[in-house]
Structure formats: C-alpha cells, structure tokens
>>> print(open('target-v5.pdb').read())   # PDB, C-alpha atoms and all ligand atoms
ATOM      1  CA  MET A   1     -62.128  86.641 194.408  1.00  0.00           C
ATOM      2  CA  MET A   2     -63.372  85.103 191.129  1.00  0.00           C
ATOM      3  CA  GLN A   3     -65.821  87.436 189.410  1.00  0.00           C
ATOM      4  CA  TRP A   4     -66.462  88.494 185.836  1.00  0.00           C
ATOM      5  CA  SER A   5     -65.903  92.195 186.555  1.00  0.00           C
ATOM      6  CA  ASN A   6     -62.256  91.491 187.459  1.00  0.00           C
ATOM      7  CA  ILE A   7     -61.432  90.062 184.034  1.00  0.00           C
ATOM      8  CA  SER A   8     -59.085  92.238 181.958  1.00  0.00           C
ATOM      9  CA  ALA A   9     -57.416  89.614 179.728  1.00  0.00           C
ATOM     10  CA  ILE A  10     -58.797  86.669 177.771  1.00  0.00           C
ATOM     11  CA  ALA A  11     -57.004  83.596 176.397  1.00  0.00           C
ATOM     12  CA  PHE A  12     -58.802  81.944 173.478  1.00  0.00           C
ATOM     13  CA  ASP A  13     -58.410  78.423 172.263  1.00  0.00           C
ATOM     14  CA  LEU A  14     -58.261  78.180 168.437  1.00  0.00           C
ATOM     15  CA  ASP A  15     -59.500  74.842 167.007  1.00  0.00           C
ATOM     16  CA  GLY A  16     -63.165  74.245 167.790  1.00  0.00           C
ATOM     17  CA  THR A  17     -63.462  77.692 169.410  1.00  0.00           C
ATOM     18  CA  LEU A  18     -62.642  80.319 166.767  1.00  0.00           C
ATOM     19  CA  ILE A  19     -62.308  78.103 163.708  1.00  0.00           C
ATOM     20  CA  ASP A  20     -63.749  74.813 162.541  1.00  0.00           C
ATOM     21  CA  SER A  21     -60.471  73.288 161.410  1.00  0.00           C
ATOM     22  CA  VAL A  22     -61.421  69.608 161.341  1.00  0.00           C
ATOM     23  CA  PRO A  23     -62.028  69.468 157.555  1.00  0.00           C
ATOM     24  CA  ASP A  24     -58.379  70.456 156.886  1.00  0.00           C
ATOM     25  CA  LEU A  25     -57.034  68.311 159.746  1.00  0.00           C
ATOM     26  CA  ALA A  26     -58.992  65.356 158.313  1.00  0.00           C
ATOM     27  CA  ALA A  27     -57.601  65.980 154.824  1.00  0.00           C
ATOM     28  CA  ALA A  28     -54.034  66.034 156.178  1.00  0.00           C
ATOM     29  CA  THR A  29     -54.692  62.913 158.258  1.00  0.00           C
ATOM     30  CA  ASN A  30     -56.097  61.036 155.268  1.00  0.00           C
ATOM     31  CA  ALA A  31     -53.285  62.164 152.956  1.00  0.00           C
ATOM     32  CA  THR A  32     -50.823  60.778 155.513  1.00  0.00           C
ATOM     33  CA  LEU A  33     -52.742  57.521 156.004  1.00  0.00           C
ATOM     34  CA  ALA A  34     -52.879  57.074 152.206  1.00  0.00           C
ATOM     35  CA  GLN A  35     -49.074  57.255 152.033  1.00  0.00           C
ATOM     36  CA  CYS A  36     -49.009  54.259 154.395  1.00  0.00           C
ATOM     37  CA  GLN A  37     -51.607  52.418 152.261  1.00  0.00           C
ATOM     38  CA  TYR A  38     -54.289  52.808 154.930  1.00  0.00           C
ATOM     39  CA  PRO A  39     -57.893  53.679 153.949  1.00  0.00           C
ATOM     40  CA  PRO A  40     -59.288  57.133 154.766  1.00  0.00           C
ATOM     41  CA  VAL A  41     -61.148  57.842 158.008  1.00  0.00           C
ATOM     42  CA  THR A  42     -64.252  59.990 158.504  1.00  0.00           C
ATOM     43  CA  GLU A  43     -64.204  63.620 159.632  1.00  0.00           C
ATOM     44  CA  SER A  44     -66.176  62.693 162.735  1.00  0.00           C
ATOM     45  CA  LEU A  45     -63.460  60.240 163.795  1.00  0.00           C
ATOM     46  CA  VAL A  46     -60.787  62.909 163.262  1.00  0.00           C
ATOM     47  CA  LEU A  47     -62.943  65.341 165.275  1.00  0.00           C
ATOM     48  CA  SER A  48     -62.848  62.910 168.191  1.00  0.00           C
ATOM     49  CA  TRP A  49     -59.014  62.785 168.021  1.00  0.00           C
ATOM     50  CA  VAL A  50     -58.359  66.573 168.027  1.00  0.00           C
ATOM     51  CA  GLY A  51     -57.376  68.342 171.222  1.00  0.00           C
ATOM     52  CA  ASN A  52     -53.813  67.382 172.145  1.00  0.00           C
ATOM     53  CA  GLY A  53     -51.892  68.699 169.158  1.00  0.00           C
ATOM     54  CA  ALA A  54     -50.882  67.362 165.746  1.00  0.00           C
ATOM     55  CA  ARG A  55     -48.650  64.544 166.956  1.00  0.00           C
ATOM     56  CA  VAL A  56     -51.252  62.983 169.239  1.00  0.00           C
ATOM     57  CA  LEU A  57     -53.838  63.331 166.459  1.00  0.00           C
ATOM     58  CA  MET A  58     -51.651  61.285 164.080  1.00  0.00           C
ATOM     59  CA  GLN A  59     -50.800  58.827 166.850  1.00  0.00           C
ATOM     60  CA  ARG A  60     -54.523  58.177 167.374  1.00  0.00           C
ATOM     61  CA  ALA A  61     -55.149  57.939 163.607  1.00  0.00           C
ATOM     62  CA  LEU A  62     -52.283  55.491 163.006  1.00  0.00           C
ATOM     63  CA  SER A  63     -53.332  53.367 165.958  1.00  0.00           C
ATOM     64  CA  TYR A  64     -56.890  53.204 164.608  1.00  0.00           C
ATOM     65  CA  ALA A  65     -55.759  52.394 161.045  1.00  0.00           C
ATOM     66  CA  SER A  66     -53.094  49.835 161.964  1.00  0.00           C
ATOM     67  CA  GLY A  67     -54.733  48.236 164.991  1.00  0.00           C
ATOM     68  CA  MET A  68     -51.475  48.738 166.957  1.00  0.00           C
ATOM     69  CA  ALA A  69     -51.718  50.184 170.470  1.00  0.00           C
ATOM     70  CA  GLU A  70     -50.552  53.802 170.751  1.00  0.00           C
ATOM     71  CA  ASN A  71     -47.662  53.116 173.118  1.00  0.00           C
ATOM     72  CA  THR A  72     -46.003  50.257 171.219  1.00  0.00           C
ATOM     73  CA  PRO A  73     -42.512  50.840 169.755  1.00  0.00           C
ATOM     74  CA  GLU A  74     -43.841  49.764 166.325  1.00  0.00           C
ATOM     75  CA  LEU A  75     -46.507  52.450 166.343  1.00  0.00           C
ATOM     76  CA  GLN A  76     -44.056  55.075 167.624  1.00  0.00           C
ATOM     77  CA  ALA A  77     -41.655  54.187 164.798  1.00  0.00           C
ATOM     78  CA  LEU A  78     -44.459  54.550 162.248  1.00  0.00           C
ATOM     79  CA  LEU A  79     -45.421  57.892 163.817  1.00  0.00           C
ATOM     80  CA  GLU A  80     -41.817  59.171 163.567  1.00  0.00           C
ATOM     81  CA  LYS A  81     -41.766  58.215 159.902  1.00  0.00           C
ATOM     82  CA  THR A  82     -45.126  59.718 158.985  1.00  0.00           C
ATOM     83  CA  MET A  83     -45.250  62.948 161.045  1.00  0.00           C
ATOM     84  CA  PRO A  84     -43.198  64.890 158.456  1.00  0.00           C
ATOM     85  CA  LEU A  85     -45.780  63.909 155.806  1.00  0.00           C
ATOM     86  CA  PHE A  86     -48.639  65.200 157.954  1.00  0.00           C
ATOM     87  CA  MET A  87     -46.789  68.428 158.769  1.00  0.00           C
ATOM     88  CA  LEU A  88     -45.962  69.073 155.112  1.00  0.00           C
ATOM     89  CA  TYR A  89     -49.461  68.375 153.808  1.00  0.00           C
ATOM     90  CA  TYR A  90     -51.149  70.421 156.536  1.00  0.00           C
ATOM     91  CA  SER A  91     -48.721  73.336 156.101  1.00  0.00           C
ATOM     92  CA  GLU A  92     -49.763  73.484 152.444  1.00  0.00           C
ATOM     93  CA  HIS A  93     -53.516  73.182 153.164  1.00  0.00           C
ATOM     94  CA  LEU A  94     -54.022  75.107 156.406  1.00  0.00           C
ATOM     95  CA  HIS A  95     -57.266  76.841 155.541  1.00  0.00           C
ATOM     96  CA  THR A  96     -58.665  75.236 152.398  1.00  0.00           C
ATOM     97  CA  HIS A  97     -61.855  73.998 154.053  1.00  0.00           C
ATOM     98  CA  SER A  98     -61.660  75.529 157.553  1.00  0.00           C
ATOM     99  CA  ARG A  99     -64.028  78.352 158.482  1.00  0.00           C
ATOM    100  CA  LEU A 100     -64.572  80.845 161.274  1.00  0.00           C
ATOM    101  CA  TYR A 101     -67.514  80.109 163.548  1.00  0.00           C
ATOM    102  CA  SER A 102     -70.306  82.667 163.372  1.00  0.00           C
ATOM    103  CA  GLY A 103     -69.998  85.790 165.479  1.00  0.00           C
ATOM    104  CA  VAL A 104     -66.266  85.371 166.116  1.00  0.00           C
ATOM    105  CA  ILE A 105     -64.972  88.490 164.325  1.00  0.00           C
ATOM    106  CA  THR A 106     -67.632  90.849 165.670  1.00  0.00           C
ATOM    107  CA  THR A 107     -67.337  89.692 169.268  1.00  0.00           C
ATOM    108  CA  LEU A 108     -63.511  89.717 169.226  1.00  0.00           C
ATOM    109  CA  GLN A 109     -63.546  93.264 167.868  1.00  0.00           C
ATOM    110  CA  LYS A 110     -65.982  94.401 170.572  1.00  0.00           C
ATOM    111  CA  LEU A 111     -63.796  92.841 173.281  1.00  0.00           C
ATOM    112  CA  LYS A 112     -60.649  94.441 171.897  1.00  0.00           C
ATOM    113  CA  GLN A 113     -62.398  97.801 171.621  1.00  0.00           C
ATOM    114  CA  ALA A 114     -63.541  97.464 175.230  1.00  0.00           C
ATOM    115  CA  GLY A 115     -59.867  97.223 176.234  1.00  0.00           C
ATOM    116  CA  PHE A 116     -59.423  93.523 177.002  1.00  0.00           C
ATOM    117  CA  LYS A 117     -55.993  92.037 176.309  1.00  0.00           C
ATOM    118  CA  LEU A 118     -56.522  89.070 173.987  1.00  0.00           C
ATOM    119  CA  ALA A 119     -54.316  85.999 173.488  1.00  0.00           C
ATOM    120  CA  ILE A 120     -54.398  82.702 171.616  1.00  0.00           C
ATOM    121  CA  VAL A 121     -53.511  79.627 173.668  1.00  0.00           C
ATOM    122  CA  THR A 122     -53.739  76.646 171.326  1.00  0.00           C
ATOM    123  CA  ASN A 123     -52.290  73.137 171.286  1.00  0.00           C
ATOM    124  CA  LYS A 124     -51.811  73.475 167.522  1.00  0.00           C
ATOM    125  CA  PRO A 125     -48.128  73.755 166.541  1.00  0.00           C
ATOM    126  CA  TYR A 126     -47.076  77.438 166.563  1.00  0.00           C
ATOM    127  CA  ARG A 127     -45.865  77.433 162.965  1.00  0.00           C
ATOM    128  CA  PHE A 128     -49.416  76.733 161.718  1.00  0.00           C
ATOM    129  CA  THR A 129     -51.154  79.169 164.041  1.00  0.00           C
ATOM    130  CA  LEU A 130     -50.003  82.543 162.685  1.00  0.00           C
ATOM    131  CA  PRO A 131     -50.760  81.785 159.007  1.00  0.00           C
ATOM    132  CA  ILE A 132     -54.242  80.571 159.973  1.00  0.00           C
ATOM    133  CA  LEU A 133     -54.948  83.694 162.054  1.00  0.00           C
ATOM    134  CA  SER A 134     -53.723  85.804 159.170  1.00  0.00           C
ATOM    135  CA  ALA A 135     -55.899  83.971 156.606  1.00  0.00           C
ATOM    136  CA  PHE A 136     -58.977  84.772 158.664  1.00  0.00           C
ATOM    137  CA  GLY A 137     -58.044  88.433 159.208  1.00  0.00           C
ATOM    138  CA  LEU A 138     -57.221  87.926 162.876  1.00  0.00           C
ATOM    139  CA  ASP A 139     -53.532  88.852 162.974  1.00  0.00           C
ATOM    140  CA  ASP A 140     -54.037  92.244 164.623  1.00  0.00           C
ATOM    141  CA  VAL A 141     -56.462  91.044 167.273  1.00  0.00           C
ATOM    142  CA  PHE A 142     -54.159  89.120 169.620  1.00  0.00           C
ATOM    143  CA  SER A 143     -51.185  90.563 171.469  1.00  0.00           C
ATOM    144  CA  GLU A 144     -49.862  87.098 172.459  1.00  0.00           C
ATOM    145  CA  VAL A 145     -50.006  83.829 170.519  1.00  0.00           C
ATOM    146  CA  LEU A 146     -48.884  80.583 172.158  1.00  0.00           C
ATOM    147  CA  GLY A 147     -48.835  77.288 170.238  1.00  0.00           C
ATOM    148  CA  GLY A 148     -48.693  73.779 171.642  1.00  0.00           C
ATOM    149  CA  ASP A 149     -44.927  73.756 171.124  1.00  0.00           C
ATOM    150  CA  SER A 150     -44.209  77.333 172.259  1.00  0.00           C
ATOM    151  CA  LEU A 151     -43.443  76.238 175.824  1.00  0.00           C
ATOM    152  CA  ALA A 152     -42.317  72.987 177.464  1.00  0.00           C
ATOM    153  CA  LYS A 153     -45.894  71.944 178.237  1.00  0.00           C
ATOM    154  CA  MET A 154     -49.285  72.371 176.550  1.00  0.00           C
ATOM    155  CA  LYS A 155     -52.876  72.408 177.863  1.00  0.00           C
ATOM    156  CA  PRO A 156     -54.199  70.768 180.064  1.00  0.00           C
ATOM    157  CA  ASP A 157     -50.983  71.852 181.814  1.00  0.00           C
ATOM    158  CA  PRO A 158     -51.370  75.381 183.242  1.00  0.00           C
ATOM    159  CA  MET A 159     -47.967  76.479 181.852  1.00  0.00           C
ATOM    160  CA  PRO A 160     -49.245  78.564 178.879  1.00  0.00           C
ATOM    161  CA  LEU A 161     -51.752  80.419 181.094  1.00  0.00           C
ATOM    162  CA  GLN A 162     -49.149  80.952 183.813  1.00  0.00           C
ATOM    163  CA  HIS A 163     -46.822  82.312 181.132  1.00  0.00           C
ATOM    164  CA  LEU A 164     -49.493  84.854 180.147  1.00  0.00           C
ATOM    165  CA  LEU A 165     -50.055  85.861 183.768  1.00  0.00           C
ATOM    166  CA  GLY A 166     -46.330  86.559 184.083  1.00  0.00           C
ATOM    167  CA  GLN A 167     -45.998  88.246 180.701  1.00  0.00           C
ATOM    168  CA  TRP A 168     -48.899  90.599 181.343  1.00  0.00           C
ATOM    169  CA  GLN A 169     -48.253  90.983 185.095  1.00  0.00           C
ATOM    170  CA  LEU A 170     -51.770  89.858 185.920  1.00  0.00           C
ATOM    171  CA  ASP A 171     -53.348  88.478 189.013  1.00  0.00           C
ATOM    172  CA  GLU A 172     -55.089  85.099 188.496  1.00  0.00           C
ATOM    173  CA  SER A 173     -58.498  86.729 188.999  1.00  0.00           C
ATOM    174  CA  GLN A 174     -57.942  88.927 185.921  1.00  0.00           C
ATOM    175  CA  LEU A 175     -57.507  86.178 183.308  1.00  0.00           C
ATOM    176  CA  LEU A 176     -60.256  84.174 181.580  1.00  0.00           C
ATOM    177  CA  MET A 177     -59.750  81.080 179.384  1.00  0.00           C
ATOM    178  CA  ILE A 178     -62.360  80.374 176.689  1.00  0.00           C
ATOM    179  CA  GLY A 179     -62.375  77.046 174.864  1.00  0.00           C
ATOM    180  CA  ASP A 180     -64.266  74.038 173.554  1.00  0.00           C
ATOM    181  CA  SER A 181     -62.270  71.246 175.165  1.00  0.00           C
ATOM    182  CA  LYS A 182     -61.792  69.874 178.640  1.00  0.00           C
ATOM    183  CA  ASN A 183     -58.084  70.560 178.101  1.00  0.00           C
ATOM    184  CA  ASP A 184     -58.914  74.281 178.130  1.00  0.00           C
ATOM    185  CA  ILE A 185     -60.994  74.036 181.304  1.00  0.00           C
ATOM    186  CA  LEU A 186     -58.464  71.776 183.071  1.00  0.00           C
ATOM    187  CA  ALA A 187     -55.639  74.206 182.209  1.00  0.00           C
ATOM    188  CA  ALA A 188     -57.715  77.113 183.560  1.00  0.00           C
ATOM    189  CA  LYS A 189     -58.498  75.280 186.794  1.00  0.00           C
ATOM    190  CA  ALA A 190     -54.848  74.293 187.257  1.00  0.00           C
ATOM    191  CA  ALA A 191     -53.822  77.936 186.731  1.00  0.00           C
ATOM    192  CA  ASN A 192     -56.616  79.075 189.069  1.00  0.00           C
ATOM    193  CA  VAL A 193     -58.237  81.310 186.447  1.00  0.00           C
ATOM    194  CA  MET A 194     -61.874  81.541 185.295  1.00  0.00           C
ATOM    195  CA  SER A 195     -63.113  79.680 182.220  1.00  0.00           C
ATOM    196  CA  ILE A 196     -65.976  79.525 179.736  1.00  0.00           C
ATOM    197  CA  GLY A 197     -66.738  76.308 177.854  1.00  0.00           C
ATOM    198  CA  LEU A 198     -68.232  76.383 174.344  1.00  0.00           C
ATOM    199  CA  THR A 199     -70.534  73.564 173.302  1.00  0.00           C
ATOM    200  CA  TYR A 200     -70.109  73.576 169.504  1.00  0.00           C
ATOM    201  CA  GLY A 201     -66.473  72.482 169.169  1.00  0.00           C
ATOM    202  CA  TYR A 202     -64.497  69.300 169.740  1.00  0.00           C
ATOM    203  CA  ASN A 203     -64.432  67.654 173.140  1.00  0.00           C
ATOM    204  CA  TYR A 204     -63.961  63.951 172.401  1.00  0.00           C
ATOM    205  CA  GLY A 205     -67.768  63.681 172.135  1.00  0.00           C
ATOM    206  CA  GLU A 206     -68.185  64.736 175.776  1.00  0.00           C
ATOM    207  CA  ASP A 207     -70.379  67.454 177.279  1.00  0.00           C
ATOM    208  CA  ILE A 208     -68.103  70.419 178.146  1.00  0.00           C
ATOM    209  CA  GLY A 209     -70.359  71.151 181.147  1.00  0.00           C
ATOM    210  CA  LEU A 210     -68.963  68.007 182.793  1.00  0.00           C
ATOM    211  CA  SER A 211     -65.624  69.849 183.151  1.00  0.00           C
ATOM    212  CA  HIS A 212     -67.384  72.560 185.197  1.00  0.00           C
ATOM    213  CA  PRO A 213     -66.262  75.812 183.588  1.00  0.00           C
ATOM    214  CA  HIS A 214     -67.632  79.000 185.206  1.00  0.00           C
ATOM    215  CA  ALA A 215     -70.088  79.330 182.306  1.00  0.00           C
ATOM    216  CA  VAL A 216     -71.157  77.308 179.269  1.00  0.00           C
ATOM    217  CA  CYS A 217     -72.081  79.072 175.991  1.00  0.00           C
ATOM    218  CA  GLU A 218     -73.715  77.659 172.868  1.00  0.00           C
ATOM    219  CA  ASN A 219     -72.635  80.498 170.568  1.00  0.00           C
ATOM    220  CA  PHE A 220     -69.432  82.539 170.541  1.00  0.00           C
ATOM    221  CA  ALA A 221     -71.364  85.830 170.841  1.00  0.00           C
ATOM    222  CA  ASP A 222     -72.946  84.566 174.075  1.00  0.00           C
ATOM    223  CA  ILE A 223     -69.650  85.242 175.905  1.00  0.00           C
ATOM    224  CA  GLU A 224     -70.419  88.977 175.636  1.00  0.00           C
ATOM    225  CA  GLN A 225     -73.040  88.800 178.394  1.00  0.00           C
ATOM    226  CA  TYR A 226     -70.300  88.071 180.969  1.00  0.00           C
ATOM    227  CA  LEU A 227     -67.789  90.634 179.712  1.00  0.00           C
ATOM    228  CA  LEU A 228     -69.550  93.579 178.101  1.00  0.00           C
ATOM    229  CA  SER A 229     -72.360  95.333 179.872  1.00  0.00           C
TER     230      SER A 229
HETATM  231  O1  LIG B 301     -54.546  71.079 167.657  1.00  0.00           O
HETATM  232  C1  LIG B 301     -55.214  70.559 168.572  1.00  0.00           C
HETATM  233  O2  LIG B 301     -55.178  69.349 168.857  1.00  0.00           O
HETATM  234  C2  LIG B 301     -56.141  71.409 169.383  1.00  0.00           C
HETATM  235  O3  LIG B 301     -55.971  72.774 169.135  1.00  0.00           O
HETATM  236  P1  LIG B 301     -56.705  73.780 170.146  1.00  0.00           P
HETATM  237  O4  LIG B 301     -55.926  73.736 171.420  1.00  0.00           O
HETATM  238  O5  LIG B 301     -56.648  75.108 169.416  1.00  0.00           O
HETATM  239  O6  LIG B 301     -58.124  73.293 170.290  1.00  0.00           O
HETATM  240 MG    MG B 302     -60.088  73.509 170.918  1.00  0.00          MG
END
>>> encode(input="target-v5.pdb", output="structure tokens")
Amino acid sequence: MMQWSNISAIAFDLDGTLIDSVPDLAAATNATLAQCQYPPVTESLVLSWVGNGARVLMQRALSYASGMAENTPELQALLEKTMPLFMLYYSEHLHTHSRLYSGVITTLQKLKQAGFKLAIVTNKPYRFTLPILSAFGLDDVFSEVLGGDSLAKMKPDPMPLQHLLGQWQLDESQLLMIGDSKNDILAAKAANVMSIGLTYGYNYGEDIGLSHPHAVCENFADIEQYLLS
C-alpha cells in the first residue's frame, strides 16, 4: 500500500531539484557553440533543453543553432565532434554560477537525522555529480549516487530506482523519488514507487502537476510535511 509513513528511503534528482545548475550548463553550451561559430543562446532556452543528460542537451542546442533536425547523420556527426568540448568546458566550470536552492541543506540534514536513506538519482553524467555534491558540502549526505551513465538506462526508465530497491533491499512502498522533471515522475511510476514533484526547477516549461506525482511542492522544505511529523 502506498502511504507516506512507509517511506524509509528517498531518491533525489539533482539539477533543478537541489541545485540551480542552468547558468553553468548554459556557459558550457555557449562555449561549445562558439567553437562551431554559432551565436550564443539564452539561459531560458538552455533551461528548456535540460532533463535528459549532457548529450541530449548539446544535441538540442546544436539542432537549434544549425537548423538541422536532431536525428540527421550530419547533426550526429557534429555532436560527436563537439561533445568532448562541452565535457571539457563543463568539467572545468561545474559550479561557477550554480547555487543550492533555499532550504536544501537544512531539510536534507533533518531527513538524514530522522534515519532516511538518501540517494542521488540524476541524469547528469556521474563524473560531474560527485565534484558538484562536494562543492556544495553534500558529499556525506547520500549513501548512493547514480549518474545518467551509471547504469544502462537513465530516467524516465525505472532502472536507477530499481537498482536502489535491490541495493537497499527495499519494498517498492518504501522508496520515494523527489524531482523537478516529468522524467523523475515517469521513472517513479514505472518503478511503482511514490513521487513528489517540485515546481521551481526545469520541466521543459510544463506544469509538473500534469505528470501526477503523489504531491507537488513549491519549496524544497515543503517536503518535510509528508516525511517528518
Ligand atoms: O543533466 C540533466 O539533463 C538533468 O539532470 P537531473 O536528472 O539531475 O535533473
Ligand atoms: Mg532535474
């Protein structure tokens, strides 16, 4: 039975949930576009492209800048050539302009203190995830960290959540996914676990409520009402 009191472990999305990372993702995108002689794009456009990992972000950016459709061989060839530039630039500027959303540290600490097992399940490449967590003082908070390339499939596939269920020997009713994107809610539904959608992050400009999570919160601290009482 799905109820809040059963929850003993929580999987958190990273981008748009714990940290506002779009300023650094936009800088890396624009540095890469500049190398191809394309003009820069706005942060709000980049925001609308985030959610399916670094490669899909650059695929969307290159398609926009070049006018080529995403699935053409020409665009794929350009993507192959430019991805290393994006990865290098971003790896060197992971947290120059990014910031934690308000309430994140305090609420995470309360949840950890209350005994919840906490994990990161992000579509961001794994190699970027640990340094970012560390830069924001979050390295001791999570006992599992899964990146978009940690397993064969990323969200919205249920694989990362199913991996956690197996790793922690949990029943589906014990795990909660919290995120800002429909990919988080779709992954939770496919894994048959509960979910909370946050309204302040990146969801392709769509209302997260349309994905029907079990609850919708406007602030990170608002998740406490379901978990701590
Ligand atoms: O990197 C992305 O595209 C999204 O990352 P997230 O899964 O942490 O929101
Ligand atoms: Mg997100």
>>> resolve_selection(input="target-v5.pdb", expression="the PyMOL selection byres (((chain A and resi 14) around 8) and not hetatm)", output="PyMOL selection string")
chain A and resi 12-13+15-19+120-122+179
>>> write_last_selection(input="target-v5.pdb", atoms="C-alpha atoms", output="mmCIF file, in the coordinates of the input")
data_model
loop_
_atom_site.group_PDB
_atom_site.id
_atom_site.type_symbol
_atom_site.label_atom_id
_atom_site.label_comp_id
_atom_site.auth_asym_id
_atom_site.auth_seq_id
_atom_site.Cartn_x
_atom_site.Cartn_y
_atom_site.Cartn_z
ATOM 1 C CA PHE A 12 -58.802 81.944 173.478
ATOM 2 C CA ASP A 13 -58.410 78.423 172.263
ATOM 3 C CA ASP A 15 -59.500 74.842 167.007
ATOM 4 C CA GLY A 16 -63.165 74.245 167.790
ATOM 5 C CA THR A 17 -63.462 77.692 169.410
ATOM 6 C CA LEU A 18 -62.642 80.319 166.767
ATOM 7 C CA ILE A 19 -62.308 78.103 163.708
ATOM 8 C CA ILE A 120 -54.398 82.702 171.616
ATOM 9 C CA VAL A 121 -53.511 79.627 173.668
ATOM 10 C CA THR A 122 -53.739 76.646 171.326
ATOM 11 C CA GLY A 179 -62.375 77.046 174.864
#
>>> resolve_selection(input="target-v5.pdb", expression="the PyMOL selection byres (((chain A and resi 155) around 10) and not hetatm)", output="PDB file with C-alpha atoms, keeping the file's coordinate frame")
ATOM      1  CA  ASP A  13     -58.410  78.423 172.263  1.00  0.00           C
ATOM      2  CA  GLY A  51     -57.376  68.342 171.222  1.00  0.00           C
ATOM      3  CA  ASN A  52     -53.813  67.382 172.145  1.00  0.00           C
ATOM      4  CA  GLY A  53     -51.892  68.699 169.158  1.00  0.00           C
ATOM      5  CA  VAL A 121     -53.511  79.627 173.668  1.00  0.00           C
ATOM      6  CA  THR A 122     -53.739  76.646 171.326  1.00  0.00           C
ATOM      7  CA  ASN A 123     -52.290  73.137 171.286  1.00  0.00           C
ATOM      8  CA  GLY A 147     -48.835  77.288 170.238  1.00  0.00           C
ATOM      9  CA  GLY A 148     -48.693  73.779 171.642  1.00  0.00           C
ATOM     10  CA  LYS A 153     -45.894  71.944 178.237  1.00  0.00           C
ATOM     11  CA  MET A 154     -49.285  72.371 176.550  1.00  0.00           C
ATOM     12  CA  PRO A 156     -54.199  70.768 180.064  1.00  0.00           C
ATOM     13  CA  ASP A 157     -50.983  71.852 181.814  1.00  0.00           C
ATOM     14  CA  PRO A 158     -51.370  75.381 183.242  1.00  0.00           C
ATOM     15  CA  MET A 159     -47.967  76.479 181.852  1.00  0.00           C
ATOM     16  CA  PRO A 160     -49.245  78.564 178.879  1.00  0.00           C
ATOM     17  CA  LEU A 161     -51.752  80.419 181.094  1.00  0.00           C
ATOM     18  CA  SER A 181     -62.270  71.246 175.165  1.00  0.00           C
ATOM     19  CA  LYS A 182     -61.792  69.874 178.640  1.00  0.00           C
ATOM     20  CA  ASN A 183     -58.084  70.560 178.101  1.00  0.00           C
ATOM     21  CA  ASP A 184     -58.914  74.281 178.130  1.00  0.00           C
ATOM     22  CA  ILE A 185     -60.994  74.036 181.304  1.00  0.00           C
ATOM     23  CA  LEU A 186     -58.464  71.776 183.071  1.00  0.00           C
ATOM     24  CA  ALA A 187     -55.639  74.206 182.209  1.00  0.00           C
ATOM     25  CA  ALA A 188     -57.715  77.113 183.560  1.00  0.00           C
ATOM     26  CA  ALA A 190     -54.848  74.293 187.257  1.00  0.00           C
TER      27      ALA A 190
END
>>> residues_near_point(input="target-v5.pdb", point="(-42.8, 51.6, 163.6)", cutoff="12 Å", atoms="only C-alpha atoms", output="MDAnalysis selection string")
chainID A and resid 36 59 62:63 66 68:83
>>> write_last_selection(input="target-v5.pdb", atoms="C-alpha atoms", output="compact mmCIF listing (two decimals), in the frame of the given file")
# COMPACT_ATOMS: atom_id res chain seq x y z
CA CYS A 36 -49.01 54.26 154.40
CA GLN A 59 -50.80 58.83 166.85
CA LEU A 62 -52.28 55.49 163.01
CA SER A 63 -53.33 53.37 165.96
CA SER A 66 -53.09 49.84 161.96
CA MET A 68 -51.48 48.74 166.96
CA ALA A 69 -51.72 50.18 170.47
CA GLU A 70 -50.55 53.80 170.75
CA ASN A 71 -47.66 53.12 173.12
CA THR A 72 -46.00 50.26 171.22
CA PRO A 73 -42.51 50.84 169.76
CA GLU A 74 -43.84 49.76 166.32
CA LEU A 75 -46.51 52.45 166.34
CA GLN A 76 -44.06 55.08 167.62
CA ALA A 77 -41.66 54.19 164.80
CA LEU A 78 -44.46 54.55 162.25
CA LEU A 79 -45.42 57.89 163.82
CA GLU A 80 -41.82 59.17 163.57
CA LYS A 81 -41.77 58.22 159.90
CA THR A 82 -45.13 59.72 158.99
CA MET A 83 -45.25 62.95 161.04
>>> resolve_selection(input="target-v5.pdb", expression="the PyMOL selection byres (((chain A and resi 201-211) around 7) and not hetatm)", output="list in words")
Gly16, Thr17, Leu47, Ser48, Trp49, Val50, Asp180, Ser181, Lys182, Ile185, Gly197, Leu198, Thr199, Tyr200, His212, Pro213 and Val216 of chain A
>>> atom_distance(input="target-v5.pdb", atom1="atom CA of Leu175 of chain A", atom2="atom CA of Ala9 of chain A")
5.0 Å
>>> atom_distance(input="target-v5.pdb", atom1="atom CA of His97 of chain A", atom2="atom CA of Leu57 of chain A")
18.2 Å
>>> atom_distance(input="target-v5.pdb", atom1="atom CA of Ala31 of chain A", atom2="atom CA of Pro131 of chain A")
20.7 Å
>>> axis_aligned_box(input="target-v5.pdb", around="segment 121-126 of chain A", padding_each_side="6 Å", output="JSON")
{"center_x": -50.4, "center_y": 76.4, "center_z": 170.1, "size_x": 18.7, "size_y": 18.5, "size_z": 19.1}
>>> closest_residue(input="target-v5.pdb", among="A:Val141, A:Leu133, A:Val41, A:Met194", to="Thr107 of chain A", atoms="only C-alpha atoms")
A:Val141
>>> residues_around(input="target-v5.pdb", residues="Glu172 of chain A", least_positions_apart="6", cutoff="8 Å", atoms="only C-alpha atoms", output="list of chain:residue names")
A:Leu165, A:Ala191, A:Asn192, A:Val193
>>> residues_around(input="target-v5.pdb", residues="Gly103 of chain A", least_positions_apart="4", cutoff="10 Å", atoms="all atoms listed in the file", output="VMD selection string")
chain A and resid 18 107 to 108 219 to 222
>>> closest_residue(input="target-v5.pdb", among="A:Met2, A:Ile132, A:Ile10, A:Asp171", to="Glu144 of chain A", atoms="all atoms listed in the file")
A:Ile10
>>> closest_residue(input="target-v5.pdb", among="A:Ser21, A:Ser134, A:Ser98, A:Asn30", to="ligand MG 302 (chain B)", atoms="all atoms listed in the file")
A:Ser21
>>> closest_residue(input="target-v5.pdb", among="A:Ala152, A:Leu138, A:Phe86, A:Ser173", to="Val104 of chain A", atoms="all atoms listed in the file")
A:Leu138
